[in-house]
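Engineer: Sharing final22.csv here; it has CSV, C-alpha atoms.
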chain,number,residue,atom,x,y,z
C,1,MET,CA,-35.0,2.8,8.3
C,2,TYR,CA,-32.1,3.1,5.9
C,3,TYR,CA,-29.1,0.9,5.0
C,4,GLU,CA,-25.7,2.2,3.9
C,5,LEU,CA,-24.3,0.3,0.9
C,6,PHE,CA,-20.7,0.5,-0.1
C,7,CYS,CA,-19.8,-0.4,-3.7
C,8,ARG,CA,-16.5,-2.2,-4.1
C,9,LYS,CA,-16.3,-1.6,-7.8
C,10,ARG,CA,-17.0,2.1,-7.8
C,11,ASN,CA,-15.7,2.9,-4.3
C,12,ARG,CA,-18.8,4.9,-3.5
C,13,GLN,CA,-21.4,4.8,-0.7
C,14,PHE,CA,-25.1,4.7,-1.2
C,15,THR,CA,-28.2,5.0,1.1
C,16,VAL,CA,-31.3,2.9,0.4
C,17,GLN,CA,-34.5,2.5,2.2
C,18,ALA,CA,-35.0,-0.8,4.2
C,19,ALA,CA,-38.2,-1.5,2.2
C,20,THR,CA,-36.2,-1.7,-1.0
C,21,PHE,CA,-33.3,-3.6,0.5
C,22,PRO,CA,-34.5,-7.3,0.5
C,23,GLY,CA,-33.3,-8.8,-2.8
C,24,LEU,CA,-31.9,-5.5,-3.9
C,25,CYS,CA,-29.8,-5.7,-7.1
C,26,CYS,CA,-26.8,-3.5,-6.8
C,27,SER,CA,-27.4,-2.1,-10.2
C,28,HIS,CA,-30.5,-0.3,-8.9
C,29,SER,CA,-28.3,2.0,-6.8
C,30,CYS,CA,-24.9,2.2,-8.2
C,31,MET,CA,-24.9,0.7,-11.6
C,32,CYS,CA,-22.8,-2.3,-10.7
C,33,SER,CA,-23.5,-5.6,-12.3
C,34,ASP,CA,-24.5,-7.7,-9.3
C,35,ALA,CA,-25.3,-7.5,-5.6
C,36,GLU,CA,-22.2,-9.4,-4.6
C,37,SER,CA,-20.1,-6.3,-5.7
C,38,CYS,CA,-21.4,-4.5,-2.6
C,39,ILE,CA,-21.2,-4.8,1.2
C,40,HIS,CA,-23.6,-3.1,3.6
C,41,ASP,CA,-23.9,-2.2,7.2
C,42,GLY,CA,-26.3,-4.1,9.5
C,43,VAL,CA,-25.9,-7.6,7.9
C,44,ASP,CA,-23.7,-10.3,9.4
C,45,ASP,CA,-21.0,-11.1,6.8
C,46,GLU,CA,-17.8,-12.5,8.4
C,47,ASP,CA,-15.8,-12.5,5.2
C,48,ASP,CA,-16.6,-8.8,4.4
C,49,ASP,CA,-15.5,-7.7,7.9
C,50,ASP,CA,-12.2,-9.5,7.5
C,51,PHE,CA,-11.8,-8.1,4.0
C,52,TRP,CA,-12.2,-4.5,5.1
C,53,GLY,CA,-10.4,-4.8,8.4
C,54,GLY,CA,-13.5,-3.3,10.1
C,55,SER,CA,-13.5,-0.1,8.0
C,56,ASN,CA,-13.9,0.9,4.4
C,57,SER,CA,-12.4,4.4,4.8
C,58,TYR,CA,-9.2,6.0,6.2
C,59,ASN,CA,-9.6,7.1,9.8
C,60,GLY,CA,-6.2,8.4,10.6
C,61,SER,CA,-5.1,5.7,13.1
C,62,PHE,CA,-2.2,3.9,11.6
C,63,GLU,CA,-4.4,0.9,10.8
C,64,MET,CA,-2.4,-2.3,10.3
C,65,VAL,CA,-3.6,-5.5,8.6
C,66,LYS,CA,-2.3,-9.0,9.5
C,67,VAL,CA,-0.7,-10.8,6.6
C,68,ASP,CA,-0.6,-14.6,7.3
C,69,GLY,CA,2.7,-16.1,6.3
C,70,GLY,CA,3.1,-18.4,3.4
C,71,THR,CA,5.1,-19.3,0.3
C,72,PHE,CA,4.7,-17.4,-3.0
C,73,ILE,CA,6.5,-16.9,-6.3
C,74,MET,CA,8.2,-13.5,-6.4
C,75,GLY,CA,9.1,-11.6,-9.6
C,76,ALA,CA,8.1,-12.1,-13.2
C,77,THR,CA,5.2,-14.5,-12.9
C,78,GLU,CA,3.1,-15.6,-15.8
C,79,GLU,CA,0.4,-12.9,-15.5
C,80,GLN,CA,3.0,-10.2,-15.9
C,81,GLY,CA,3.7,-11.3,-19.4
C,82,SER,CA,5.8,-9.2,-21.7
C,83,ASP,CA,5.5,-6.2,-19.3
C,84,ALA,CA,8.0,-7.7,-16.9
C,85,TYR,CA,11.4,-6.1,-16.8
C,86,ASP,CA,14.7,-8.0,-16.6
C,87,ASN,CA,15.2,-7.0,-13.0
C,88,GLU,CA,12.1,-8.9,-12.1
C,89,LYS,CA,13.7,-12.1,-13.2
C,90,PRO,CA,14.1,-14.9,-12.4
C,91,ALA,CA,10.8,-15.6,-10.7
C,92,HIS,CA,11.7,-17.4,-7.5
C,93,GLN,CA,10.0,-19.0,-4.5
C,94,VAL,CA,10.0,-17.1,-1.2
C,95,THR,CA,8.6,-18.2,2.2
C,96,LEU,CA,7.6,-15.6,4.8
C,97,SER,CA,6.4,-15.6,8.4
C,98,SER,CA,3.3,-13.7,9.3
C,99,PHE,CA,3.6,-9.9,9.7
C,100,TYR,CA,1.5,-6.7,9.8
C,101,ILE,CA,1.5,-4.0,7.2
C,102,GLY,CA,-0.2,-0.6,6.9
C,103,LYS,CA,-3.7,-0.6,5.4
C,104,TYR,CA,-2.8,2.7,3.8
C,105,GLU,CA,0.2,4.7,2.8
C,106,VAL,CA,1.3,6.9,5.7
C,107,THR,CA,-0.5,10.2,5.5
C,108,GLN,CA,0.6,13.7,6.1
C,109,GLU,CA,-1.6,13.9,9.2
C,110,GLU,CA,0.0,10.7,10.6
C,111,TRP,CA,3.5,11.9,9.8
C,112,GLU,CA,2.9,15.3,11.5
C,113,SER,CA,1.4,13.6,14.6
C,114,VAL,CA,4.8,11.9,15.2
C,115,MET,CA,7.4,14.3,13.8
C,116,GLY,CA,5.7,17.6,14.5
C,117,THR,CA,6.2,19.1,11.1
C,118,THR,CA,5.1,18.3,7.5
C,119,THR,CA,7.5,17.6,4.6
C,120,SER,CA,4.9,17.6,1.8
C,121,PHE,CA,4.6,20.3,-0.9
C,122,ILE,CA,1.0,19.6,-1.8
C,123,LYS,CA,-0.8,19.7,1.6
C,124,GLY,CA,-3.7,17.6,2.7
C,125,GLU,CA,-4.3,15.6,5.9
C,126,ASN,CA,-5.4,12.4,4.0
C,127,LEU,CA,-2.8,12.7,1.2
C,128,PRO,CA,0.1,10.4,1.4
C,129,VAL,CA,3.2,12.0,2.9
C,130,GLU,CA,6.0,12.6,0.4
C,131,PHE,CA,9.3,14.4,0.4
C,132,VAL,CA,10.3,11.8,3.0
C,133,SER,CA,13.7,10.2,2.6
C,134,TRP,CA,14.6,6.6,3.7
C,135,ASN,CA,16.9,8.2,6.3
C,136,MET,CA,14.1,10.3,7.8
C,137,ILE,CA,12.0,7.1,8.2
C,138,VAL,CA,14.7,5.0,9.7
C,139,GLY,CA,16.8,7.7,11.4
C,140,THR,CA,20.5,8.7,11.2
C,141,SER,CA,21.4,9.7,14.8
C,142,GLY,CA,23.5,6.7,15.4
C,143,GLU,CA,21.6,6.0,18.6
C,144,VAL,CA,20.0,2.7,17.7
C,145,GLY,CA,16.6,2.0,19.2
C,146,TYR,CA,16.2,-1.5,17.7
C,147,THR,CA,17.4,-3.5,14.7
C,148,VAL,CA,15.1,-5.4,12.4
C,149,ASN,CA,16.1,-7.4,9.3
C,150,GLY,CA,19.6,-5.9,9.5
C,151,VAL,CA,18.4,-2.3,9.6
C,152,ASP,CA,19.1,-0.1,12.5
C,153,TYR,CA,16.1,2.1,13.5
C,154,CYS,CA,17.5,5.1,15.2
C,155,THR,CA,15.9,7.3,17.9
C,156,ASP,CA,15.5,10.3,15.5
C,157,GLY,CA,13.6,8.3,12.9
C,158,PHE,CA,9.8,8.1,12.3
C,159,CYS,CA,9.5,4.4,13.0
C,160,TYR,CA,11.2,4.5,16.4
C,161,LYS,CA,9.3,7.6,17.5
C,162,LEU,CA,6.0,6.1,16.5
C,163,SER,CA,6.9,2.9,18.4
C,164,GLN,CA,7.6,4.9,21.5
C,165,LYS,CA,4.4,7.0,21.0
C,166,LYS,CA,2.2,4.0,20.5
C,167,GLY,CA,3.8,1.7,23.1
C,168,GLY,CA,2.6,-1.9,23.5
C,169,GLY,CA,5.9,-3.5,22.3
C,170,ALA,CA,5.3,-3.1,18.5
C,171,ARG,CA,8.4,-2.2,16.6
C,172,TYR,CA,7.3,-0.3,13.5
C,173,ARG,CA,9.6,-0.6,10.5
C,174,LEU,CA,9.6,-0.6,6.7
C,175,PRO,CA,8.5,-3.8,5.0
C,176,THR,CA,11.1,-5.9,3.3
C,177,GLU,CA,10.8,-6.1,-0.5
C,178,ALA,CA,9.5,-9.6,-0.3
C,179,GLU,CA,6.9,-8.7,2.3
C,180,TRP,CA,5.8,-5.8,0.2
C,181,GLU,CA,5.3,-7.9,-2.9
C,182,TYR,CA,3.6,-10.7,-1.0
C,183,ALA,CA,1.1,-8.2,0.5
C,184,ALA,CA,0.6,-6.4,-2.8
C,185,ARG,CA,-0.3,-9.8,-4.4
C,186,GLY,CA,-2.9,-10.5,-1.7
C,187,GLY,CA,-0.9,-13.0,0.4
C,188,ARG,CA,-2.7,-16.3,0.9
C,189,LYS,CA,-5.9,-14.7,-0.7
C,190,SER,CA,-4.1,-13.8,-3.9
C,191,LYS,CA,-6.1,-14.1,-7.1
C,192,GLY,CA,-3.1,-13.6,-9.3
C,193,TYR,CA,-3.8,-10.1,-10.4
C,194,LYS,CA,-1.3,-8.1,-12.5
C,195,TYR,CA,-1.9,-5.0,-10.3
C,196,SER,CA,-2.6,-4.9,-6.6
C,197,GLY,CA,-6.2,-6.0,-6.5
C,198,SER,CA,-7.2,-6.0,-10.1
C,199,ASN,CA,-6.2,-6.7,-13.7
C,200,THR,CA,-7.5,-3.2,-14.6
C,201,VAL,CA,-5.1,-0.6,-13.4
C,202,GLY,CA,-7.6,2.2,-13.1
C,203,ASP,CA,-9.6,0.3,-10.5
C,204,VAL,CA,-6.9,0.2,-8.0
C,205,ALA,CA,-4.3,2.9,-8.9
C,206,TRP,CA,-3.8,6.6,-9.4
C,207,TYR,CA,-1.4,6.6,-12.4
C,208,TYR,CA,-0.5,8.7,-15.4
C,209,TYR,CA,-3.9,8.5,-17.2
C,210,ASN,CA,-6.2,9.2,-14.3
C,211,SER,CA,-4.2,11.2,-11.7
C,212,ASN,CA,-4.4,14.7,-13.2
C,213,LYS,CA,-0.6,14.8,-12.5
C,214,THR,CA,-0.9,14.7,-8.7
C,215,LYS,CA,-1.3,12.3,-5.8
C,216,HIS,CA,-4.6,11.6,-4.2
C,217,SER,CA,-6.1,10.9,-0.8
C,218,VAL,CA,-5.4,7.4,0.5
C,219,GLY,CA,-8.1,4.7,0.2
C,220,THR,CA,-10.0,6.2,-2.7
C,221,LYS,CA,-9.4,3.3,-5.1
C,222,MET,CA,-10.4,-0.3,-4.7
C,223,PRO,CA,-8.3,-2.3,-2.2
C,224,ASN,CA,-6.6,-5.6,-2.9
C,225,GLU,CA,-7.5,-9.1,-1.6
C,226,LEU,CA,-6.2,-8.2,1.9
C,227,GLY,CA,-8.0,-4.9,2.1
C,228,LEU,CA,-4.8,-2.9,1.4
C,229,TYR,CA,-5.1,0.3,-0.6
C,230,ASP,CA,-2.8,2.1,-3.1
C,231,MET,CA,-0.2,-0.6,-3.4
C,232,SER,CA,-0.3,0.2,-7.1
C,233,GLY,CA,0.2,3.8,-8.0
C,234,ASN,CA,-0.2,7.1,-6.0
C,235,VAL,CA,3.3,7.3,-4.5
C,236,TRP,CA,6.3,5.0,-4.6
C,237,GLU,CA,6.9,3.2,-1.3
C,238,TRP,CA,10.2,2.6,0.4
C,239,CYS,CA,11.3,-0.9,1.4
C,240,SER,CA,14.0,-1.7,3.9
C,241,ASP,CA,16.1,-3.7,1.5
C,242,ARG,CA,19.1,-2.6,-0.6
C,243,TYR,CA,18.5,-2.9,-4.4
C,244,GLY,CA,20.1,-5.5,-6.6
C,245,SER,CA,19.2,-8.1,-9.1
C,246,TYR,CA,17.7,-11.3,-7.7
C,247,SER,CA,20.8,-13.3,-8.7
C,248,SER,CA,23.6,-10.9,-7.7
C,249,GLU,CA,25.0,-8.8,-4.9
C,250,GLN,CA,23.0,-5.9,-3.6
C,251,HIS,CA,24.0,-2.3,-4.1
C,252,SER,CA,23.8,0.7,-1.7
C,253,TYR,CA,20.6,2.0,-3.2
C,254,ARG,CA,17.3,1.3,-1.4
C,255,VAL,CA,14.3,-0.3,-3.0
C,256,ILE,CA,11.1,1.5,-3.9
C,257,ARG,CA,7.9,-0.3,-5.0
C,258,GLY,CA,4.4,0.2,-6.4
C,259,GLY,CA,4.8,3.0,-9.0
C,260,TYR,CA,3.3,6.4,-8.6
C,261,TRP,CA,0.8,8.9,-10.0
C,262,GLY,CA,3.1,10.0,-12.9
C,263,TYR,CA,3.9,6.6,-14.3
C,264,TYR,CA,2.3,4.3,-16.8
C,265,ALA,CA,0.4,1.1,-16.0
C,266,ARG,CA,3.5,-1.0,-16.7
C,267,ASP,CA,5.3,0.5,-13.8
C,268,CYS,CA,2.4,0.0,-11.3
C,269,ARG,CA,2.4,-3.8,-11.4
C,270,VAL,CA,2.9,-5.9,-8.3
C,271,SER,CA,6.3,-7.2,-9.4
C,272,VAL,CA,7.8,-4.0,-10.7
C,273,ARG,CA,11.0,-2.9,-9.0
C,274,ASN,CA,12.8,0.4,-8.7
C,275,PHE,CA,15.4,2.1,-6.5
C,276,ASP,CA,16.4,5.6,-5.4
C,277,PRO,CA,20.1,6.1,-5.7
C,278,SER,CA,20.1,8.9,-3.1
C,279,TYR,CA,18.0,7.6,-0.3
C,280,GLY,CA,19.0,10.4,2.0
C,281,VAL,CA,17.3,12.9,-0.4
C,282,ASN,CA,13.6,13.7,-0.4
C,283,SER,CA,11.5,13.3,-3.5
C,284,ASP,CA,8.0,14.4,-4.5
C,285,TYR,CA,7.0,10.9,-5.6
C,286,GLY,CA,8.2,8.9,-2.6
C,287,GLY,CA,6.2,7.8,0.4
C,288,PHE,CA,5.9,4.6,2.5
C,289,ARG,CA,3.7,2.3,4.5
C,290,LEU,CA,4.5,0.8,7.8
C,291,ALA,CA,5.2,-2.8,8.7
C,292,SER,CA,5.6,-4.7,12.0
C,293,SER,CA,6.3,-8.2,13.1
C,294,SER,CA,3.7,-7.9,15.9
C,295,LYS,CA,0.6,-5.9,16.5
For the structure just supplied, provide its representation as structure tokens.
Structural biologist:
Amino acid sequence: MYYELFCRKRNRQFTVQAATFPGLCCSHSCMCSDAESCIHDGVDDEDDDDFWGGSNSYNGSFEMVKVDGGTFIMGATEEQGSDAYDNEKPAHQVTLSSFYIGKYEVTQEEWESVMGTTTSFIKGENLPVEFVSWNMIVGTSGEVGYTVNGVDYCTDGFCYKLSQKKGGGARYRLPTEAEWEYAARGGRKSKGYKYSGSNTVGDVAWYYYNSNKTKHSVGTKMPNELGLYDMSGNVWEWCSDRYGSYSSEQHSYRVIRGGYWGYYARDCRVSVRNFDPSYGVNSDYGGFRLASSSK
């Protein structure tokens, strides 16, 4: 009999014989420092099942993770240090209700299954979709399907079409900027990391120094405390909010979060903020992940 081991640190799977499994040190199979760095099939571990959301790899099914509501400090918190930009200040307290958020960035396969066509220049089913504008996600027909957080989701947009396709009453949408940061920080399970899931950017993000100047398949780096992948790096992610400083009026631009494969580590932090001034125009660095207030 064999066991499948999955190494959290190296994001790799290993097969070991049952005879060698009892007391196995993880370093025997994947060179990690201790057995607690790995999870394995066939052994009851409630925490691990919750952490991974029942899966440790992308399966193309719009997986959503519940984020329990809570209160957190948003913006330039202490661990961000001198890397924090002025637009991340002041750090301030935010309270959120529970919500659901995509375990992965929306992929090209998922986009095409709803919209019928692909927008991406670099093709790959498990690659995050890009060249998608905010308007394509939300819709512009003027025929409003539903309104969430002040945003009208029209019948020609991805979110509404997916909601109709999936049924069950869920209204898919973009996360608010506060929801996005709370989830990136790990929600109630946050360990106060600088990046989403680690203080070492290369563990969790495809960015300038490891991406080979391109995006990568979703879920191939370590997840954060909630089991969410790629919230640092890979592609920028649209939020529903208009951009503005935390202490002034908002502008017409829409917020993007998380950094992307062509940026340095400083711009892949959980608190970093950016915007796209032309949110009706597609870009090769912009993608998104879904949110919903109910499953």
Engineer: Under the rule that only C-alpha atoms are counted, which of C:Phe158, C:Tyr207, C:Trp111, C:Tyr243 is the nearest residue to Gly259 (chain C)?
Structural biologist: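 Looking at the shortest contact to Gly259 (chain C), the residue is C:Tyr207.
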Engineer: Can you tell me which residues surround Gly102 (chain C) at a distance of at most 7 Å, considering only C-alpha atoms, apart from same-chain residues fewer than 6 positions away, and format the answer as a list in words?
Structural biologist: Phe62, Glu63, Met64, Val65, Arg289, Leu290 and Ala291 of chain C
Engineer: Can you pull out every residue within 12 Å of Thr176 (chain C), counting only C-alpha atoms, but drop anything in the same chain fewer than 2 positions away, and send it as an NGL selection string?
Structural biologist: :C and (96-97 or 99-101 or 148-151 or 173-174 or 178-183 or 237-243 or 254-257 or 288-293)
Engineer: Generate the output file for the selected residues, C-alpha atoms, as an mmCIF file, keeping the file's coordinate frame.
Structural biologist:
data_model
loop_
_atom_site.group_PDB
_atom_site.id
_atom_site.type_symbol
_atom_site.label_atom_id
_atom_site.label_comp_id
_atom_site.auth_asym_id
_atom_site.auth_seq_id
_atom_site.Cartn_x
_atom_site.Cartn_y
_atom_site.Cartn_z
ATOM 1 C CA LEU C 96 7.600 -15.600 4.800
ATOM 2 C CA SER C 97 6.400 -15.600 8.400
ATOM 3 C CA PHE C 99 3.600 -9.900 9.700
ATOM 4 C CA TYR C 100 1.500 -6.700 9.800
ATOM 5 C CA ILE C 101 1.500 -4.000 7.200
ATOM 6 C CA VAL C 148 15.100 -5.400 12.400
ATOM 7 C CA ASN C 149 16.100 -7.400 9.300
ATOM 8 C CA GLY C 150 19.600 -5.900 9.500
ATOM 9 C CA VAL C 151 18.400 -2.300 9.600
ATOM 10 C CA ARG C 173 9.600 -0.600 10.500
ATOM 11 C CA LEU C 174 9.600 -0.600 6.700
ATOM 12 C CA ALA C 178 9.500 -9.600 -0.300
ATOM 13 C CA GLU C 179 6.900 -8.700 2.300
ATOM 14 C CA TRP C 180 5.800 -5.800 0.200
ATOM 15 C CA GLU C 181 5.300 -7.900 -2.900
ATOM 16 C CA TYR C 182 3.600 -10.700 -1.000
ATOM 17 C CA ALA C 183 1.100 -8.200 0.500
ATOM 18 C CA GLU C 237 6.900 3.200 -1.300
ATOM 19 C CA TRP C 238 10.200 2.600 0.400
ATOM 20 C CA CYS C 239 11.300 -0.900 1.400
ATOM 21 C CA SER C 240 14.000 -1.700 3.900
ATOM 22 C CA ASP C 241 16.100 -3.700 1.500
ATOM 23 C CA ARG C 242 19.100 -2.600 -0.600
ATOM 24 C CA TYR C 243 18.500 -2.900 -4.400
ATOM 25 C CA ARG C 254 17.300 1.300 -1.400
ATOM 26 C CA VAL C 255 14.300 -0.300 -3.000
ATOM 27 C CA ILE C 256 11.100 1.500 -3.900
ATOM 28 C CA ARG C 257 7.900 -0.300 -5.000
ATOM 29 C CA PHE C 288 5.900 4.600 2.500
ATOM 30 C CA ARG C 289 3.700 2.300 4.500
ATOM 31 C CA LEU C 290 4.500 0.800 7.800
ATOM 32 C CA ALA C 291 5.200 -2.800 8.700
ATOM 33 C CA SER C 292 5.600 -4.700 12.000
ATOM 34 C CA SER C 293 6.300 -8.200 13.100
#
Engineer: Using CA of Gln108 (chain C) and CA of Val129 (chain C) as the two end points, give the distance in Å to one decimal.
Structural biologist: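 CA of Val129 (chain C) lies at a distance of 4.5 Å from CA of Gln108 (chain C).
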Engineer: When you draw a straight line from CA of Glu109 (chain C) to CA of Thr147 (chain C), how long is it in Å?
Structural biologist: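 Going from CA of Glu109 (chain C) over to CA of Thr147 (chain C), I get 26.3 Å.
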Engineer: Considering only C-alpha atoms, can you say which of C:Thr220, C:Gly244, C:Lys194, C:Val106 comes closest to Ala84 (chain C)?
Structural biologist: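 Ranking C:Thr220, C:Gly244, C:Lys194, C:Val106 by distance to Ala84 (chain C), first place goes to C:Lys194.
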Engineer: Set the distance at 6 Å and use all atoms listed in the file: which residues neighbour Tyr229 (chain C) once local chain neighbours fewer than 3 positions away are removed? I'd like the list as a ChimeraX atom specification.
Structural biologist: /C:104,219,223
Engineer: How many Å separate CA of Lys189 (chain C) from CA of Leu228 (chain C)?
Structural biologist: 12.0 Å
Engineer: Excluding His92 (chain C) and any residue of its chain fewer than 4 positions from it, enumerate the residues within 8 Å of it, using only C-alpha atoms, and give them as a ChimeraX atom specification.
Structural biologist: /C:73-75
Engineer: Restricting the calculation to all atoms listed in the file, which member of C:Ser196, C:Thr95, C:Ser141, C:Asn274 is positioned closest to Gly227 (chain C)?
Structural biologist: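 When distances to Gly227 (chain C) are compared using all atoms listed in the file, the smallest one comes from C:Ser196.
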Engineer: Measuring between all atoms listed in the file, which one of C:Val138, C:Glu177, C:Ser252, C:Arg273 shows the shortest distance to Tyr160 (chain C)?
Structural biologist: C:Val138
Engineer: Fewer than 3 positions away in the same chain doesn't count, so skip those; otherwise give me all residues within 12 Å of Asp86 (chain C), counting only C-alpha atoms, as a PyMOL selection string.
Structural biologist: chain C and resi 75-76+80-83+89-91+244-247+271-274
Engineer: For Ile122 (chain C), which residue among C:Tyr208, C:Gln93, C:Lys161, C:Tyr285 is the nearest when counting all atoms listed in the file?
Structural biologist: C:Tyr285
Engineer: So, with all atoms listed in the file as the atoms that count, which of C:Val144, C:Ser248, C:Arg269, C:Gly262 lies closest to Gly197 (chain C)?
Structural biologist: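 Looking at the shortest contact to Gly197 (chain C), the residue is C:Arg269.
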